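Asks: My questions all concern the structure below.
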Amino acid sequence: MTDIINVESTAIGVRTADTIATEINTIKRQTQKIMLASSIEIGKRLTEAKDMIDHGAWGKWLQDNVNYSERTAQNLMRVYDQYGDKFGMTEMDSLFASDAPNVFEELSYTQALALLSLPTDAEREEFVKENDVASMSTRELQEAIKARKEAEDRAMDAEKRAWEAKEKLRQAENRALQAEDKARNAEQSDLYDERLTAAERERDVLQKRVLELEARPEISDAGQEEIEKLKKKIQVLEAASTDEDRMKFTAHMKIIQNAFNAMLSDIENITDNEKRTRYMSAAQKMLEKLGEFL
């Protein structure tokens with residue numbers, strides 16, 4: 001009789017502790033799915049009910065009718081809002097009917113809720129794919145999410161510092177270029193002033209010589225020839241003086257243009273849109289004001 005039982009047990013399959021553990025874990029996973037599905041369905045109905053309740057009466061309705069705090073109800077509605085469409089759910093029995101891959105279907109309600117601290121669905125999906133979330137406790141999951149956020153914040157801070165350093169370098173280079181332009185323009189302006197002053201002195205000397213020659217009672221042919229040469233040279237100097245004025249004006253215009261372009265470049269690099277618009281408007285008003293003086 002014992003042999004027959006053993007044969008039958010072998011044919012059916014001997015139950016072992018490992019087999020039982022597998023069954024228990026399977027039931028646990030199924031229970032988690034049912035809990036998440038139920039939470040999504042409850043959140044759906046709470047969302048529907050809230051639209052029907054008078055303003056200010058929501059908390060009392062929850063306490064009197066379903067014995068939920070507003071915080072619990074809010075969490076359930078958030079889970080429905082963020083996960084309901086992921087399961088293609090309409091009713092609870094269709095929650096896991098879809099053949100489409102769903103990275104969230106192995107999560108418990110508390111795990112799904114903890115994941116909502118990640119702001120976007122794409123971030124949550126990426127996190128689940130990169131981590132064995134289903135095997136984490138809620139606390140482990142919260143700590144892992146916190147660590148991820150801290151790492152992202154550090155990366156953003158590093159990126160911001162790198163951008164700021166690059167921006168400071170760019171501004172320093174701009175200031176250096178502006179300083180070079182200013183020095184070059186100042187040097188050109190000084191040179192123009194020196195040339196103009198020298199030309200004016202030479203012209204005055206020549207004009208004085210012409211007056212001396214013309215004041216003589218009699219002017220020889222050689223004297224008349226000298227006078228003609230001096231007058232021609234005076235004309236050349238006066239023409240040169242006129243050109244110097246034009247060149248000096250051009251130099252001043254270049255200084256103004258460079259300074260204005262540098263200002264526009266600095267305004268364009270302002271990241272605050274409102275502040276950038278305000279400064280651009282001020283620059284336009286400055287141009288209008290300059291036009292009033294012309």
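Starting from 1 in every chain, residues are counted up; chains themselves are A, B, ... following the order of the structure tokens, and ligands are numbered from 1 as listed.
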Just the residues within 9 Å of segment 263-267 of chain A, please, counting only C-alpha atoms, with nothing from its chain fewer than 6 positions along; format it as a JSON list (two decimals) with all heavy atoms, in the first residue's frame.
Replies:
[["chain", "number", "residue", "atom", "x", "y", "z"],
["A", 171, "GLN", "N", 32.33, 86.42, -21.03],
["A", 171, "GLN", "CA", 32.23, 87.84, -20.68],
["A", 171, "GLN", "C", 33.61, 88.47, -20.52],
["A", 171, "GLN", "O", 33.82, 89.62, -20.91],
["A", 171, "GLN", "CB", 31.42, 87.98, -19.38],
["A", 171, "GLN", "CG", 29.95, 87.63, -19.55],
["A", 171, "GLN", "CD", 29.17, 87.68, -18.25],
["A", 171, "GLN", "OE1", 29.74, 87.94, -17.19],
["A", 171, "GLN", "NE2", 27.88, 87.43, -18.31],
["A", 275, "LYS", "N", 13.66, 90.22, -17.76],
["A", 275, "LYS", "CA", 14.75, 91.19, -17.60],
["A", 275, "LYS", "C", 15.37, 91.54, -18.96],
["A", 275, "LYS", "O", 15.68, 92.70, -19.23],
["A", 275, "LYS", "CB", 15.82, 90.61, -16.67],
["A", 275, "LYS", "CG", 16.93, 91.59, -16.34],
["A", 275, "LYS", "CD", 17.99, 90.94, -15.47],
["A", 275, "LYS", "CE", 17.46, 90.65, -14.10],
["A", 275, "LYS", "NZ", 18.52, 90.13, -13.20],
["A", 276, "ARG", "N", 15.54, 90.52, -19.83],
["A", 276, "ARG", "CA", 16.11, 90.77, -21.15],
["A", 276, "ARG", "C", 15.23, 91.73, -21.95],
["A", 276, "ARG", "O", 15.73, 92.65, -22.60],
["A", 276, "ARG", "CB", 16.30, 89.45, -21.90],
["A", 276, "ARG", "CG", 16.99, 89.64, -23.25],
["A", 276, "ARG", "CD", 17.36, 88.32, -23.89],
["A", 276, "ARG", "NE", 16.21, 87.50, -24.17],
["A", 276, "ARG", "CZ", 15.88, 86.39, -23.51],
["A", 276, "ARG", "NH1", 16.64, 85.96, -22.52],
["A", 276, "ARG", "NH2", 14.81, 85.69, -23.82],
["A", 277, "THR", "N", 13.93, 91.51, -21.90],
["A", 277, "THR", "CA", 12.99, 92.39, -22.61],
["A", 277, "THR", "C", 13.05, 93.80, -22.07],
["A", 277, "THR", "O", 13.01, 94.78, -22.84],
["A", 277, "THR", "CB", 11.56, 91.84, -22.48],
["A", 277, "THR", "OG1", 11.50, 90.51, -23.03],
["A", 277, "THR", "CG2", 10.57, 92.72, -23.23],
["A", 279, "TYR", "N", 15.61, 95.35, -20.59],
["A", 279, "TYR", "CA", 16.85, 96.02, -20.99],
["A", 279, "TYR", "C", 16.85, 96.35, -22.48],
["A", 279, "TYR", "O", 17.39, 97.38, -22.89],
["A", 279, "TYR", "CB", 18.06, 95.15, -20.64],
["A", 279, "TYR", "CG", 18.40, 95.15, -19.17],
["A", 279, "TYR", "CD1", 18.70, 93.98, -18.50],
["A", 279, "TYR", "CD2", 18.41, 96.34, -18.44],
["A", 279, "TYR", "CE1", 19.02, 93.98, -17.14],
["A", 279, "TYR", "CE2", 18.73, 96.36, -17.10],
["A", 279, "TYR", "CZ", 19.02, 95.18, -16.44],
["A", 279, "TYR", "OH", 19.33, 95.21, -15.12],
["A", 280, "MET", "N", 16.26, 95.48, -23.30],
["A", 280, "MET", "CA", 16.18, 95.76, -24.73],
["A", 280, "MET", "C", 15.32, 97.00, -24.98],
["A", 280, "MET", "O", 15.64, 97.83, -25.83],
["A", 280, "MET", "CB", 15.60, 94.55, -25.46],
["A", 280, "MET", "CG", 15.69, 94.65, -26.97],
["A", 280, "MET", "SD", 17.41, 94.72, -27.58],
["A", 280, "MET", "CE", 17.89, 92.99, -27.36],
["A", 283, "ALA", "N", 17.34, 100.03, -24.18],
["A", 283, "ALA", "CA", 18.30, 100.34, -25.25],
["A", 283, "ALA", "C", 17.60, 101.07, -26.40],
["A", 283, "ALA", "O", 18.15, 102.02, -26.98],
["A", 283, "ALA", "CB", 18.95, 99.05, -25.75]]
Asks: Looking at only C-alpha atoms, which of A:Ser117, A:Gln142, A:Asn261, A:Asn25 is the one that sits closest to Arg78 of chain A?
Replies: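 Ranking A:Ser117, A:Gln142, A:Asn261, A:Asn25 by distance to Arg78 of chain A, first place goes to A:Ser117.
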Asks: With only C-alpha atoms as the atoms that count, which of A:Thr72, A:Asn131, A:Thr47, A:Gln257 lies nearest to Phe104 of chain A?
Replies: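 Residue with the minimum atom-to-atom distance to Phe104 of chain A: A:Asn131.
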Asks: Taking 2 positions as the minimum chain separation for residues in the same chain, which residues sit within 8 Å of Leu230 of chain A when counting only C-alpha atoms? Answer as a list of chain:residue names.
Replies: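 Final neighbour list, sorted by chain and number: A:Leu206, A:Gln207, A:Val210, A:Glu226, A:Ile227, A:Glu228, A:Lys232, A:Lys233, A:Ile234.
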Asks: Would you put the residues from that selection into a file with N, CA, C and O atoms, as a PDB file, in the first residue's frame?
Replies:
ATOM      1  N   LEU A 206      52.677 128.851 -42.835  1.00  0.00           N
ATOM      2  CA  LEU A 206      52.659 129.160 -44.266  1.00  0.00           C
ATOM      3  C   LEU A 206      51.812 130.384 -44.563  1.00  0.00           C
ATOM      4  O   LEU A 206      52.174 131.232 -45.411  1.00  0.00           O
ATOM      5  N   GLN A 207      50.670 130.497 -43.894  1.00  0.00           N
ATOM      6  CA  GLN A 207      49.813 131.665 -44.114  1.00  0.00           C
ATOM      7  C   GLN A 207      50.514 132.951 -43.674  1.00  0.00           C
ATOM      8  O   GLN A 207      50.378 134.006 -44.318  1.00  0.00           O
ATOM      9  N   VAL A 210      52.884 133.867 -46.384  1.00  0.00           N
ATOM     10  CA  VAL A 210      52.183 134.451 -47.535  1.00  0.00           C
ATOM     11  C   VAL A 210      51.857 135.910 -47.262  1.00  0.00           C
ATOM     12  O   VAL A 210      52.030 136.804 -48.132  1.00  0.00           O
ATOM     13  N   GLU A 226      56.703 131.848 -55.179  1.00  0.00           N
ATOM     14  CA  GLU A 226      56.701 131.271 -53.841  1.00  0.00           C
ATOM     15  C   GLU A 226      55.312 131.359 -53.216  1.00  0.00           C
ATOM     16  O   GLU A 226      54.851 130.413 -52.549  1.00  0.00           O
ATOM     17  N   ILE A 227      54.680 132.522 -53.428  1.00  0.00           N
ATOM     18  CA  ILE A 227      53.328 132.706 -52.882  1.00  0.00           C
ATOM     19  C   ILE A 227      52.381 131.650 -53.440  1.00  0.00           C
ATOM     20  O   ILE A 227      51.578 131.052 -52.714  1.00  0.00           O
ATOM     21  N   GLU A 228      52.449 131.393 -54.738  1.00  0.00           N
ATOM     22  CA  GLU A 228      51.578 130.412 -55.357  1.00  0.00           C
ATOM     23  C   GLU A 228      51.829 129.019 -54.782  1.00  0.00           C
ATOM     24  O   GLU A 228      50.892 128.261 -54.493  1.00  0.00           O
ATOM     25  N   LYS A 232      49.136 126.746 -52.537  1.00  0.00           N
ATOM     26  CA  LYS A 232      48.781 125.371 -52.909  1.00  0.00           C
ATOM     27  C   LYS A 232      49.016 124.410 -51.743  1.00  0.00           C
ATOM     28  O   LYS A 232      48.217 123.516 -51.478  1.00  0.00           O
ATOM     29  N   LYS A 233      50.132 124.619 -51.051  1.00  0.00           N
ATOM     30  CA  LYS A 233      50.440 123.758 -49.915  1.00  0.00           C
ATOM     31  C   LYS A 233      49.427 123.970 -48.791  1.00  0.00           C
ATOM     32  O   LYS A 233      49.022 123.024 -48.100  1.00  0.00           O
ATOM     33  N   ILE A 234      49.017 125.242 -48.620  1.00  0.00           N
ATOM     34  CA  ILE A 234      47.995 125.533 -47.609  1.00  0.00           C
ATOM     35  C   ILE A 234      46.694 124.811 -47.943  1.00  0.00           C
ATOM     36  O   ILE A 234      46.019 124.251 -47.077  1.00  0.00           O
TER      37      ILE A 234
END
Asks: May I have all residues of segment 57-287 of chain A that DSSP, computed from the backbone, assigns to alpha helix (DSSP H), given as number ranges by chain?
Replies: A: 58-65, 70-83, 109-115, 121-130, 138-214, 221-268, 273-287
Asks: Out of A:Ala158, A:Val205, A:Ile145, A:Ala112, which residue has the shortest atom-to-atom distance to Asp81 of chain A when counting only C-alpha atoms?
Replies: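 Going through A:Ala158, A:Val205, A:Ile145, A:Ala112 one by one, the smallest distance to Asp81 of chain A is for A:Ala112.
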Asks: Would you mind reading off the distance between atom CA of Ala239 of chain A and atom CA of Lys254 of chain A, one decimal, in Å?
Replies: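 Result for atom CA of Ala239 of chain A versus atom CA of Lys254 of chain A: 22.6 Å, one decimal.
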Asks: Can you tell me which residues surround Glu48 of chain A at a distance of at most 12 Å, considering only C-alpha atoms, apart from same-chain residues fewer than 5 positions away, and format the answer as a CSV table (one decimal) with N, CA, C and O atoms, in the first residue's frame?
Replies:
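Okay, this is what ended up in around-v4.csv:
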chain,number,residue,atom,x,y,z
A,41,GLU,N,-9.1,51.5,-9.3
A,41,GLU,CA,-10.6,51.5,-9.4
A,41,GLU,C,-11.2,52.4,-8.4
A,41,GLU,O,-12.1,53.2,-8.6
A,42,ILE,N,-10.7,52.3,-7.1
A,42,ILE,CA,-11.2,53.2,-6.1
A,42,ILE,C,-10.9,54.6,-6.4
A,42,ILE,O,-11.7,55.5,-6.2
A,43,GLY,N,-9.7,54.9,-6.8
A,43,GLY,CA,-9.3,56.3,-7.2
A,43,GLY,C,-10.2,56.8,-8.3
A,43,GLY,O,-10.5,58.0,-8.3
A,53,ILE,N,-19.6,66.4,-5.2
A,53,ILE,CA,-19.7,66.8,-3.8
A,53,ILE,C,-19.6,68.4,-3.8
A,53,ILE,O,-18.8,68.9,-4.5
A,73,ALA,N,-7.5,59.6,0.2
A,73,ALA,CA,-8.3,59.8,-1.0
A,73,ALA,C,-7.5,60.4,-2.1
A,73,ALA,O,-7.5,60.0,-3.3
A,77,MET,N,-6.6,58.8,-5.8
A,77,MET,CA,-6.9,59.5,-7.0
A,77,MET,C,-5.7,59.8,-7.8
A,77,MET,O,-5.7,59.7,-9.1
A,80,TYR,N,-4.8,56.6,-9.6
A,80,TYR,CA,-5.7,56.4,-10.8
A,80,TYR,C,-5.3,57.3,-11.9
A,80,TYR,O,-5.2,56.9,-13.1
A,81,ASP,N,-5.0,58.5,-11.6
A,81,ASP,CA,-4.7,59.5,-12.6
A,81,ASP,C,-3.4,59.2,-13.4
A,81,ASP,O,-3.3,59.3,-14.6
Asks: What does the structure give for the distance between atom CA of Glu202 of chain A and atom CA of Ile255 of chain A, in Å to one decimal?
Replies: 29.5 Å
Asks: Calculated over only C-alpha atoms, which of the candidates A:Leu107, A:Ala162, A:Val236, A:Ala57 has the smallest distance to Thr31 of chain A?
Replies: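 Among A:Leu107, A:Ala162, A:Val236, A:Ala57, it is A:Leu107 that comes nearest to Thr31 of chain A.
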Asks: Separation of atom CA of Asp272 of chain A and atom CA of Ala172 of chain A, in Å?
Replies: 20.5 Å
